[in-house]
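A.B. asks: Okay, handing you the structure first.
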Amino acid sequence: RGDFFVSHHNLEVAKKRTFPAGRKMTCIYHSRLPDDPRRLRAKEKIILCVATIAETKGQLILLNAFCKIAQIFPDWRLQFVGRIHCTQYFDTLKQTVYRNGLSKRVSFHKGVEFGALSEFYAKASVFVLPSLHEGLGLVLQEAMFFGCAVVGSSVGGIPELVIPDSTGLLVPPSDPEALSTALATL
């Protein structure tokens with residue numbers, strides 16, 4: 001006999017199918033939107049995106065969404081962490097930051113070792129994965145583990161991880177307006 005660990009999504013199913021009977025089940029799901037949005041303030045006012053800098057990851061969509069709400073929320077910062085896949089796309093991101101006067105509020109971290117990612121997750125209040133295509137979104141799971149409120153685009157496996165208005169928020173892909181609304185909500 002030992003502990004059996006399951007995610008929140010699979011708890012009831014696992015209870016019905018687990019053999020031998022009597023094993024202790026521990027729910028390891030750890031991502032819920034706070035009932036009180038003020039709980040987000042316990043962390044820093046950082047919106048984080050961890051992904052390879054590439055068009056399919058949707059960083060420009062996130063950046064455009066942040067531009068829409070930046071004046072309303074002047075204390076918040078946006079951080080991108082990831083290796084550069086396309087220098088032309090990265091240059092477009094930097095030009096957008098400069099053109100919108102957000103150089104002091106938007107930062108890019110390109111050479112972050114895997115072990116150092118936890119520091120970024122621990123500080124961030126909100127995590128966003130605005131991908132246009134995504135298999136599962138492991139970074140969403142990592143962000144949830146660190147207690148970040150999450151926003152993901154409704155593609156690939158992301159809707160399997162994010163239950164709208166419960167564990168996070170889902171937005172249509174390529175929709176900076178919807179994404180800015182979700183960010184403003186959080």
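In the structure tokens, chains take the letters A, B, ... in the order shown, each chain's residues start at 1, and ligands count up from 1 in the order shown.
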Could you give me, as a list in words, the residues within 10 Å of Lys110 (chain A), counting only C-alpha atoms and dropping anything in the same chain fewer than 3 positions from it?
C.D. replies: Thr52, Ile53, Phe80, Val81, Gly82, Arg83, Ile84, Ser107 and Glu113 of chain A
A.B. asks: Next, the residues of the selection above should be written as a PDB file, in the first residue's frame with C-alpha atoms.
C.D. replies:
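out_3.pdb, freshly written:
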ATOM      1  CA  THR A  52      10.911  29.730 -27.703  1.00  0.00           C
ATOM      2  CA  ILE A  53      10.840  33.155 -29.353  1.00  0.00           C
ATOM      3  CA  PHE A  80       9.662  36.858 -22.013  1.00  0.00           C
ATOM      4  CA  VAL A  81      11.941  33.901 -21.324  1.00  0.00           C
ATOM      5  CA  GLY A  82      13.147  31.642 -24.115  1.00  0.00           C
ATOM      6  CA  ARG A  83      15.741  30.963 -26.743  1.00  0.00           C
ATOM      7  CA  ILE A  84      15.509  32.847 -30.017  1.00  0.00           C
ATOM      8  CA  SER A 107      12.187  42.425 -20.818  1.00  0.00           C
ATOM      9  CA  GLU A 113      19.184  27.785 -17.761  1.00  0.00           C
TER      10      GLU A 113
END
A.B. asks: Give me the residues near Phe120 (chain A) as a ChimeraX atom specification, where near means some atom within 10 Å (using only C-alpha atoms) and where sequence neighbours in that chain fewer than 2 positions away do not count.
C.D. replies: /A:46-50,79-81,112,116-118,122-125,143,146
A.B. asks: Point out the residue among A:Ser131, A:Ser153, A:Gln141, A:Ala184 with the least atom-to-atom distance to Ala70 (chain A), counting only C-alpha atoms.
C.D. replies: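 Checking each candidate against Ala70 (chain A), we get A:Ala184 as the closest.
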A.B. asks: Would you please work out which residue, of A:Phe127, A:Thr167, A:Thr96, A:Pro74, is nearest to Ile61 (chain A) when using only C-alpha atoms?
C.D. replies: A:Thr96
A.B. asks: If DSSP is run on the backbone, what residues of region 135-169 of chain A are helix (DSSP H, G or I)? A reply as an NGL selection string would be ideal.
C.D. replies: :A and (138-145 or 158-161)
A.B. asks: For a test of reading the model, state the distance in Å between CA of Leu140 (chain A) and CA of Gly168 (chain A), rounded to one decimal.
C.D. replies: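 These atoms are spaced 9.9 Å apart.
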